[in-house]
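Just below is one structure, and these are the notes that go with it.
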Amino acid sequence: MRGSVGEVVLSVQDVSLAFGGVRALQEVSFDVREHEVRAIIGPNGAGKSSMLNVLNGVYHPQQGRIRFKGKEFTDMDSHRAASMGIARTFQNIALFKGMTVLDNIMTGRNLKMHCNFLQQALWLGAAKREELEHRLAAEEIIDFLEIQHIRKTPVGRLPYGLQKRVELGRALAAEPTMLLLDEPMAGMNLEEKQDMCRFILHVNDHYGTTLVLIEHDMGVVMDISDRVVVLDYGRKIADGVPEEIKSNQKVIDAYLGVAH
Amino acid sequence: MAIDIGTLDTFPKLLMHHARARGAKPAIREKDLGIWQTWTWGRLGDEVRSLACGLAAQGLKRGEHIALVGDNRPRIYAAMCAAQCLGAIPVPLYQDAVASEMAFPIQNAQITHAFAEDQEQVDKLLEILPQCPALKRIYYDDPRGMRHYAQAQVTSYEELIQTKVDPAFIDAEIAKGSGQDSAAMLFTSGTTGAAKGVVLTHHALIDRAKVAADMERLDDADVVLAYLPPAWIGQYIFSYAQPFVTGYCICCPESAETVMTDMREVGPTYYFAPPRVLEALLTQVSIRMEDAAAPKRWLYRRFMAIANRAGGALLDGRPVSMFDRFLYFLGNILVYGPLRNVLGMSRVRVAYTAGEAIGPDLFTFYRSLGINLKQLYGSTETSVFVCIQPDGQVKPDTVGPAVPGVELKFTPQRELLIRSPGLFKEYYKNPQATSEAKDAEGWFHTGDAGYVDQDGHLKIIDRVKDVGALADGTLFAPKYLENKLKFFPYIREAVCFGHQREKVCAFINFDIDAVANWAEKRNMPYSGYTDLASRDEVYDLVRECIERVNADLAGEPELANSQIHRFLILHKELDADDGELTRTRKVRRGHIAERYAPLVQALYDGRQTVHVEAQVKYEDGRSGTFSSDLKIRDAKTFAPAAAKKAA
């Protein structure tokens, strides 16, 4: 049971992206509504991660427009995406391995820190207040994700499933309105997947965050997403609610392969 | 020093006293959002008053039962006391029980209101709601995930506490309570038959809590970590009854996984741990020492040997040579102090262990570090405190003398009977079980067999139903002997025979990991359990263990005849799949005696070997036959201590 889905908050129109001769995305259009859990699926090399990288400004498409929160851009850049409330996690965990869980989550609040270098170095009143405020926010996330017991543990010593959870925590620390999750459940066992699903749905419900996720586990995708977009060889081949996608012949062909 | 109880004969009255007398002192600490947050006695008092008004407004009445399901949280304890203010009886339930296990106590106690910690517990209660029509209201503490619960029964703690407080009403309700009212109902685990709800009065709990607190000189400067389930009587005593009597502070850890860290931060002064927790801690220490650098390992080994020699004696105030005193002082700086700190036991003044037999090595390990670990004896029915080892009189194999107010008596079958002000009122709605357990003169039948030794210390040997007699009529307590054997790391299982026979003989299963390790260090090649079981070296190893047990037994006049005369090492490990052990790894003595009847007979007819042919079930389901000659060896026995003195 989740909050109701609202207006379109992000729309992607005719986006094409090529690396030299490799056409990663070809005229892809779709939209994301507020509060929605939107899944992007497709076989390997379909362009899913490229699409996510376009959304938060890591890649710059040669063609097309992105409309986010009423503003239109030909491309995003990552700093602007972050300050407009987009956060993400990565397919290969990108945490600071030598830092503790708490410190990693605190880095997620970087954009929200306003004190200058001098104030922080001298631990002046304002810097101290700010640190306390951010620490509180980080602790709330630690509580939310149930990782109190590893608060002071360096991330490199944690098992994979927990690292994924910490990465989600760091993304949440930025208080995003939209969260991009690149294969949040890859390489997890069943129990870890169930935990992660629970956290993702909680994030969506509790913080009202809009979620865009790439995932290979079809069971998970069909269970938790409101709408699914399917890519194959850089083109969009289907878009709709999970029931439609399950019975779509093009999708079945793309996954199982057809004789050409 | 504990406060003068006087007219404060119920927990709510005690709380209101503390709220006035030490309003600004900490009552409960909880680690939340990474910080220890303090509830003072004043705040706890206010919270309980508004909560009680909220519960009254929701219709909780005198004499009704309220279930409490959750981990140690200040609000659970506040709810417990709020219910008692209104004369309702709190029934704490185990928070890790599955929904179906909760149905019985809720039906049995006709619980009308329930207090749940979080969504998980609410879900369980809602699941059994159809089977429990009496359950009208469910309250929850943590609002996470609860936003969409529309059920009419479900109310949040926040809402409950918003109710306007009527001080006159609350004061009147608290004043109506008396010491003879029921204060709590705790369900016993029910290893024998269905669970029973043990009803305890305010008077019983407060009396026992105070006697033990006085004995250990507990006061409001003490600190306790509340980490065991609140549904367990020990936790109820240490985290509710005793703080209410003495005014000390309890600390609730952040989560079950953070207990070790939280313990180090809090530094409790008063501590309880069942033997399995102490064992797990020791294992962790040993593992970390194995991984330490060579000089540290060397230091640890050397100084632990000194601690073993001098530590316990120093703690008991027995004489120790100047040289050992100096070494222990050095060790305290280099090893024991830091180790106590890692364990979070730097400030522990009094530590208790109880619940099951504790191995002497495990027990001495903690005592030799300078931690005042002591054993106690008690149960839910006796409000815990029956016997406590007093400081300076700690023996690893007894549980100490009776605490003031307790009378002990034994039946001819050696069953321990107890009369104490702390005894339970009844088993709820079970007059038959009540009259079986508590006779007309008020003696509680424990079901434990034991005796009081020369120093007046109680020694528990076995359950009465397992105790037998040798042919000459002396006591035979197989489980006691088996436990003694199993405390050796090399022995995994032991089965002792002797009921209606002249002497005691035993089957042994050695611990394959420990013995394999031992064999490798001696460059002894072997192919597996069965191979090792036939080696003379292994027989010698086991014989040494048995002889040490025999030497021990010789010093106990009651049990000197139970020394083990002959033994054999079984060719296979006892297995639950073959029906030789229960699923909880207890030996099924009767079944084993029947299955291995020829072996038992060989033990008693003086043969040196016995031929076995056995059907062996392999793990893949196939079965085969095994045949071999098992050796039987004699163990040295010792003259009883009394006889030695005479000579």
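Residue names in the structure tokens use chain letters A, B, ... in the order shown, residue numbers from 1 in each chain, and ligand numbers from 1 in the order shown.
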Find the residues near Ala357 in chain B: any atom within 9 Å, counting only C-alpha atoms, skip ones fewer than 4 places away on the same chain, and give them as an mmCIF file with N, CA and C atoms, in the first residue's frame.
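File written: around.cif
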```cif
data_model
loop_
_atom_site.group_PDB
_atom_site.id
_atom_site.type_symbol
_atom_site.label_atom_id
_atom_site.label_comp_id
_atom_site.auth_asym_id
_atom_site.auth_seq_id
_atom_site.Cartn_x
_atom_site.Cartn_y
_atom_site.Cartn_z
ATOM 1 N N PRO B 275 25.108 -18.850 31.317
ATOM 2 C CA PRO B 275 26.391 -19.421 30.916
ATOM 3 C C PRO B 275 26.663 -19.362 29.412
ATOM 4 N N ASP B 397 31.030 -25.270 42.089
ATOM 5 C CA ASP B 397 30.007 -26.296 41.879
ATOM 6 C C ASP B 397 28.809 -26.197 42.817
ATOM 7 N N ILE B 460 22.904 -28.332 43.428
ATOM 8 C CA ILE B 460 21.875 -28.942 42.596
ATOM 9 C C ILE B 460 22.555 -29.999 41.746
ATOM 10 N N ASN B 483 27.555 -34.085 32.894
ATOM 11 C CA ASN B 483 27.932 -32.680 32.766
ATOM 12 C C ASN B 483 29.374 -32.458 33.175
#
```
Contact set, chain B to chain A: 8 Å, only C-alpha atoms, as an NGL selection string: :B and (33-34 or 145 or 148 or 254-255 or 257-258)
Which of range 370-588 of chain B DSSP labels strand (DSSP E or B), written as a PyMOL selection string: chain B and resi 373-377+387-388+402+407-410+415-419+426-427+438+444-452+458-463+468-469+475-476+491-497+504-510+564-569+581+587
Deliver the residues from the most recent selection as a file, using C-alpha atoms, as a CSV table (one decimal), in the first residue's frame.
```csv
chain,number,residue,atom,x,y,z
B,373,LEU,CA,31.0,-13.5,38.9
B,374,LYS,CA,28.8,-15.5,41.2
B,375,GLN,CA,26.1,-18.2,40.8
B,376,LEU,CA,22.6,-18.0,42.1
B,377,TYR,CA,19.7,-20.3,42.1
B,387,CYS,CA,20.4,-19.0,46.9
B,388,ILE,CA,23.3,-16.6,46.2
B,402,ALA,CA,19.9,-19.7,51.1
B,407,GLU,CA,13.8,-22.1,54.0
B,408,LEU,CA,15.1,-25.2,52.2
B,409,LYS,CA,14.0,-28.8,52.8
B,410,PHE,CA,14.5,-32.1,51.0
B,415,GLU,CA,13.8,-33.2,45.9
B,416,LEU,CA,14.4,-29.6,46.9
B,417,LEU,CA,11.4,-27.8,48.6
B,418,ILE,CA,11.4,-24.1,49.1
B,419,ARG,CA,9.5,-21.8,51.4
B,426,GLU,CA,-0.6,-19.5,41.7
B,427,TYR,CA,-0.5,-20.8,38.2
B,438,LYS,CA,2.8,-25.8,46.2
B,444,PHE,CA,7.2,-25.2,46.6
B,445,HIS,CA,8.3,-28.5,44.9
B,446,THR,CA,11.2,-27.5,42.5
B,447,GLY,CA,11.6,-30.8,40.8
B,448,ASP,CA,15.4,-30.4,41.3
B,449,ALA,CA,17.4,-32.9,43.3
B,450,GLY,CA,20.2,-31.7,45.4
B,451,TYR,CA,21.7,-31.4,48.9
B,452,VAL,CA,23.3,-28.9,51.2
B,458,LEU,CA,23.1,-25.7,48.1
B,459,LYS,CA,24.2,-28.1,45.4
B,460,ILE,CA,21.9,-28.9,42.6
B,461,ILE,CA,22.7,-32.2,41.0
B,462,ASP,CA,20.0,-33.2,38.6
B,463,ARG,CA,16.2,-33.3,38.0
B,468,GLY,CA,18.5,-43.1,40.7
B,469,ALA,CA,20.3,-45.1,43.3
B,475,LEU,CA,22.7,-41.5,45.2
B,476,PHE,CA,23.2,-41.9,41.5
B,491,ILE,CA,34.5,-35.0,25.7
B,492,ARG,CA,31.4,-34.3,23.7
B,493,GLU,CA,28.9,-36.7,25.1
B,494,ALA,CA,28.8,-39.1,27.9
B,495,VAL,CA,26.2,-41.6,29.0
B,496,CYS,CA,26.5,-43.0,32.5
B,497,PHE,CA,25.0,-46.2,33.8
B,504,VAL,CA,29.1,-46.6,37.6
B,505,CYS,CA,30.3,-47.2,34.1
B,506,ALA,CA,30.2,-44.9,31.1
B,507,PHE,CA,30.0,-44.6,27.3
B,508,ILE,CA,32.1,-41.7,25.9
B,509,ASN,CA,31.9,-39.8,22.7
B,510,PHE,CA,34.9,-37.6,22.3
B,564,ILE,CA,33.3,-44.1,37.2
B,565,HIS,CA,35.0,-47.5,37.2
B,566,ARG,CA,35.0,-48.6,33.6
B,567,PHE,CA,34.3,-46.9,30.3
B,568,LEU,CA,34.4,-47.4,26.6
B,569,ILE,CA,34.6,-45.0,23.6
B,581,LEU,CA,19.8,-37.7,21.3
B,587,VAL,CA,21.1,-38.0,25.6
```
Alpha helix (DSSP H) per DSSP on the backbone: members of range 6-161 of chain A, as a ChimeraX atom specification: /A:48-55,78-83,101-107,117-122,125-144,160-161
Let me see the file: selected residues, N, CA and C atoms, as a short mmCIF file (atom, residue, chain, number, x, y, z; two decimals), in the first residue's frame.
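out-v3.cif was written with the following content:
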```
data_model
loop_
_atom_site.label_atom_id
_atom_site.label_comp_id
_atom_site.auth_asym_id
_atom_site.auth_seq_id
_atom_site.Cartn_x
_atom_site.Cartn_y
_atom_site.Cartn_z
N LYS A 48 20.27 0.47 -20.50
CA LYS A 48 19.61 0.88 -19.26
C LYS A 48 20.49 1.81 -18.44
N SER A 49 21.73 1.38 -18.19
CA SER A 49 22.63 2.20 -17.37
C SER A 49 22.92 3.51 -18.08
N SER A 50 23.06 3.48 -19.42
CA SER A 50 23.28 4.71 -20.18
C SER A 50 22.14 5.68 -19.94
N MET A 51 20.91 5.15 -19.93
CA MET A 51 19.74 5.99 -19.71
C MET A 51 19.83 6.68 -18.34
N LEU A 52 20.21 5.89 -17.33
CA LEU A 52 20.32 6.45 -15.99
C LEU A 52 21.41 7.52 -15.94
N ASN A 53 22.52 7.24 -16.67
CA ASN A 53 23.61 8.20 -16.69
C ASN A 53 23.22 9.49 -17.41
N VAL A 54 22.33 9.38 -18.36
CA VAL A 54 21.82 10.59 -19.02
C VAL A 54 20.98 11.39 -18.03
N LEU A 55 20.18 10.66 -17.24
CA LEU A 55 19.26 11.35 -16.32
C LEU A 55 20.01 12.14 -15.26
N SER A 78 25.86 16.78 -13.75
CA SER A 78 25.65 16.01 -12.52
C SER A 78 25.46 16.92 -11.30
N HIS A 79 26.14 18.04 -11.28
CA HIS A 79 25.98 18.94 -10.14
C HIS A 79 24.57 19.52 -10.10
N ARG A 80 24.07 19.90 -11.30
CA ARG A 80 22.72 20.45 -11.35
C ARG A 80 21.70 19.37 -10.95
N ALA A 81 21.93 18.16 -11.45
CA ALA A 81 21.00 17.06 -11.13
C ALA A 81 20.94 16.87 -9.62
N ALA A 82 22.11 16.87 -8.98
CA ALA A 82 22.14 16.66 -7.53
C ALA A 82 21.45 17.80 -6.80
N SER A 83 21.71 19.04 -7.21
CA SER A 83 21.09 20.15 -6.49
C SER A 83 19.59 20.24 -6.77
N VAL A 101 30.88 3.63 7.93
CA VAL A 101 29.53 3.74 7.39
C VAL A 101 28.98 5.15 7.64
N LEU A 102 29.17 5.60 8.87
CA LEU A 102 28.66 6.92 9.25
C LEU A 102 29.27 8.01 8.36
N ASP A 103 30.60 7.96 8.17
CA ASP A 103 31.26 8.99 7.36
C ASP A 103 30.79 8.93 5.91
N ASN A 104 30.61 7.72 5.40
CA ASN A 104 30.11 7.58 4.03
C ASN A 104 28.74 8.24 3.88
N ILE A 105 27.89 8.02 4.85
CA ILE A 105 26.54 8.59 4.76
C ILE A 105 26.63 10.11 4.90
N MET A 106 27.55 10.57 5.75
CA MET A 106 27.72 12.01 5.91
C MET A 106 28.14 12.68 4.60
N THR A 107 28.94 11.98 3.79
CA THR A 107 29.36 12.58 2.51
C THR A 107 28.15 12.86 1.63
N PHE A 117 35.46 26.49 4.75
CA PHE A 117 36.59 25.68 5.21
C PHE A 117 37.11 26.16 6.58
N LEU A 118 37.25 27.47 6.70
CA LEU A 118 37.81 28.03 7.93
C LEU A 118 36.92 27.73 9.14
N GLN A 119 35.62 27.98 8.95
CA GLN A 119 34.68 27.72 10.05
C GLN A 119 34.76 26.26 10.50
N GLN A 120 34.84 25.37 9.50
CA GLN A 120 34.86 23.95 9.84
C GLN A 120 36.17 23.57 10.52
N ALA A 121 37.26 24.13 10.00
CA ALA A 121 38.57 23.79 10.55
C ALA A 121 38.68 24.27 12.00
N LEU A 122 38.10 25.45 12.28
CA LEU A 122 38.21 26.00 13.64
C LEU A 122 37.07 25.54 14.54
N GLY A 125 31.02 27.99 16.13
CA GLY A 125 29.64 27.70 16.53
C GLY A 125 28.77 27.21 15.38
N ALA A 126 28.82 27.96 14.27
CA ALA A 126 27.95 27.61 13.15
C ALA A 126 28.30 26.23 12.59
N ALA A 127 29.59 25.95 12.48
CA ALA A 127 30.03 24.67 11.94
C ALA A 127 29.58 23.54 12.84
N LYS A 128 29.67 23.78 14.16
CA LYS A 128 29.29 22.76 15.13
C LYS A 128 27.79 22.47 15.04
N ARG A 129 27.00 23.55 14.98
CA ARG A 129 25.54 23.37 14.87
C ARG A 129 25.20 22.59 13.61
N GLU A 130 25.88 23.00 12.52
CA GLU A 130 25.60 22.35 11.25
C GLU A 130 25.96 20.86 11.31
N GLU A 131 27.11 20.58 11.89
CA GLU A 131 27.55 19.18 12.00
C GLU A 131 26.53 18.36 12.78
N LEU A 132 26.03 18.94 13.86
CA LEU A 132 25.06 18.22 14.68
C LEU A 132 23.79 17.93 13.90
N GLU A 133 23.37 18.92 13.14
CA GLU A 133 22.14 18.79 12.35
C GLU A 133 22.31 17.68 11.31
N HIS A 134 23.50 17.65 10.66
CA HIS A 134 23.73 16.63 9.64
C HIS A 134 23.91 15.26 10.27
N ARG A 135 24.55 15.25 11.42
CA ARG A 135 24.73 13.97 12.10
C ARG A 135 23.36 13.38 12.46
N LEU A 136 22.45 14.22 12.89
CA LEU A 136 21.11 13.77 13.23
C LEU A 136 20.43 13.15 12.01
N ALA A 137 20.57 13.87 10.87
CA ALA A 137 19.97 13.35 9.64
C ALA A 137 20.58 11.99 9.29
N ALA A 138 21.91 11.88 9.43
CA ALA A 138 22.58 10.62 9.11
C ALA A 138 22.13 9.52 10.05
N GLU A 139 21.98 9.86 11.35
CA GLU A 139 21.55 8.86 12.32
C GLU A 139 20.13 8.38 12.04
N GLU A 140 19.29 9.30 11.56
CA GLU A 140 17.93 8.87 11.23
C GLU A 140 17.94 7.86 10.09
N ILE A 141 18.85 8.08 9.15
CA ILE A 141 18.96 7.13 8.03
C ILE A 141 19.50 5.79 8.53
N ILE A 142 20.49 5.84 9.41
CA ILE A 142 21.06 4.61 9.98
C ILE A 142 19.97 3.82 10.70
N ASP A 143 19.13 4.53 11.42
CA ASP A 143 18.02 3.91 12.13
C ASP A 143 17.04 3.31 11.13
N PHE A 144 16.74 4.08 10.10
CA PHE A 144 15.79 3.66 9.07
C PHE A 144 16.26 2.38 8.38
N TYR A 160 28.77 -7.71 1.01
CA TYR A 160 28.22 -7.02 -0.15
C TYR A 160 26.83 -6.44 0.09
N GLY A 161 25.95 -7.26 0.64
CA GLY A 161 24.56 -6.83 0.83
C GLY A 161 24.47 -5.59 1.71
#
```
Which polymer residues have any atom within 9 Å of an atom of range 6-13 of chain A, counting only C-alpha atoms, with same-chain residues fewer than 5 positions away left out, as an mmCIF file with N, CA and C atoms, in the first residue's frame?
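The resulting around-v3.cif:
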```
data_model
loop_
_atom_site.group_PDB
_atom_site.id
_atom_site.type_symbol
_atom_site.label_atom_id
_atom_site.label_comp_id
_atom_site.auth_asym_id
_atom_site.auth_seq_id
_atom_site.Cartn_x
_atom_site.Cartn_y
_atom_site.Cartn_z
ATOM 1 N N GLU A 27 16.378 7.601 -29.821
ATOM 2 C CA GLU A 27 15.057 8.237 -29.738
ATOM 3 C C GLU A 27 14.179 7.603 -28.673
ATOM 4 N N VAL A 28 14.698 7.584 -27.483
ATOM 5 C CA VAL A 28 13.936 7.010 -26.373
ATOM 6 C C VAL A 28 13.110 8.105 -25.701
ATOM 7 N N SER A 29 11.831 7.840 -25.490
ATOM 8 C CA SER A 29 10.968 8.780 -24.769
ATOM 9 C C SER A 29 10.196 8.030 -23.690
ATOM 10 N N PHE A 30 10.158 8.587 -22.515
ATOM 11 C CA PHE A 30 9.251 8.070 -21.466
ATOM 12 C C PHE A 30 9.112 9.124 -20.392
ATOM 13 N N ASP A 31 8.191 8.913 -19.474
ATOM 14 C CA ASP A 31 8.062 9.882 -18.396
ATOM 15 C C ASP A 31 7.986 9.172 -17.049
ATOM 16 N N VAL A 32 8.226 9.947 -15.996
ATOM 17 C CA VAL A 32 8.163 9.422 -14.637
ATOM 18 C C VAL A 32 7.238 10.321 -13.853
ATOM 19 N N ARG A 33 6.289 9.739 -13.127
ATOM 20 C CA ARG A 33 5.367 10.536 -12.322
ATOM 21 C C ARG A 33 5.858 10.626 -10.886
ATOM 22 N N GLU A 34 5.390 11.637 -10.225
ATOM 23 C CA GLU A 34 5.784 11.829 -8.838
ATOM 24 C C GLU A 34 5.339 10.620 -8.002
ATOM 25 N N HIS A 35 6.165 10.218 -7.014
ATOM 26 C CA HIS A 35 5.860 9.114 -6.093
ATOM 27 C C HIS A 35 5.887 7.741 -6.724
ATOM 28 N N GLU A 36 6.232 7.697 -7.991
ATOM 29 C CA GLU A 36 6.115 6.433 -8.707
ATOM 30 C C GLU A 36 7.352 5.559 -8.466
ATOM 31 N N LEU A 55 20.177 10.663 -17.244
ATOM 32 C CA LEU A 55 19.263 11.347 -16.317
ATOM 33 C C LEU A 55 20.007 12.143 -15.260
ATOM 34 N N GLY A 64 17.703 15.270 -28.335
ATOM 35 C CA GLY A 64 16.571 15.073 -27.432
ATOM 36 C C GLY A 64 16.550 16.070 -26.301
ATOM 37 N N ARG A 65 15.445 16.035 -25.540
ATOM 38 C CA ARG A 65 15.279 16.976 -24.450
ATOM 39 C C ARG A 65 14.866 16.233 -23.180
ATOM 40 N N ILE A 66 15.258 16.815 -22.024
ATOM 41 C CA ILE A 66 14.858 16.268 -20.726
ATOM 42 C C ILE A 66 14.118 17.365 -19.990
ATOM 43 N N ARG A 67 12.916 17.057 -19.523
ATOM 44 C CA ARG A 67 12.152 18.036 -18.792
ATOM 45 C C ARG A 67 12.009 17.548 -17.348
ATOM 46 N N PHE A 68 12.547 18.332 -16.410
ATOM 47 C CA PHE A 68 12.515 17.900 -15.013
ATOM 48 C C PHE A 68 11.978 19.038 -14.156
ATOM 49 N N LYS A 69 10.954 18.765 -13.387
ATOM 50 C CA LYS A 69 10.331 19.761 -12.509
ATOM 51 C C LYS A 69 10.022 21.054 -13.248
ATOM 52 N N GLY A 70 9.445 20.945 -14.420
ATOM 53 C CA GLY A 70 8.999 22.129 -15.146
ATOM 54 C C GLY A 70 10.079 22.855 -15.922
#
```
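Residue nearest Gly98 in chain A, chosen from A:Leu145, A:Val155, A:Met218, A:Met84 and counting only C-alpha atoms: A:Val155.
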Polymer residues at most 10 Å from Met222 in chain A, only C-alpha atoms, same-chain spacing of 5 or more positions, as a PyMOL selection string: chain A and resi 39+217+227-228+241-243+245-246
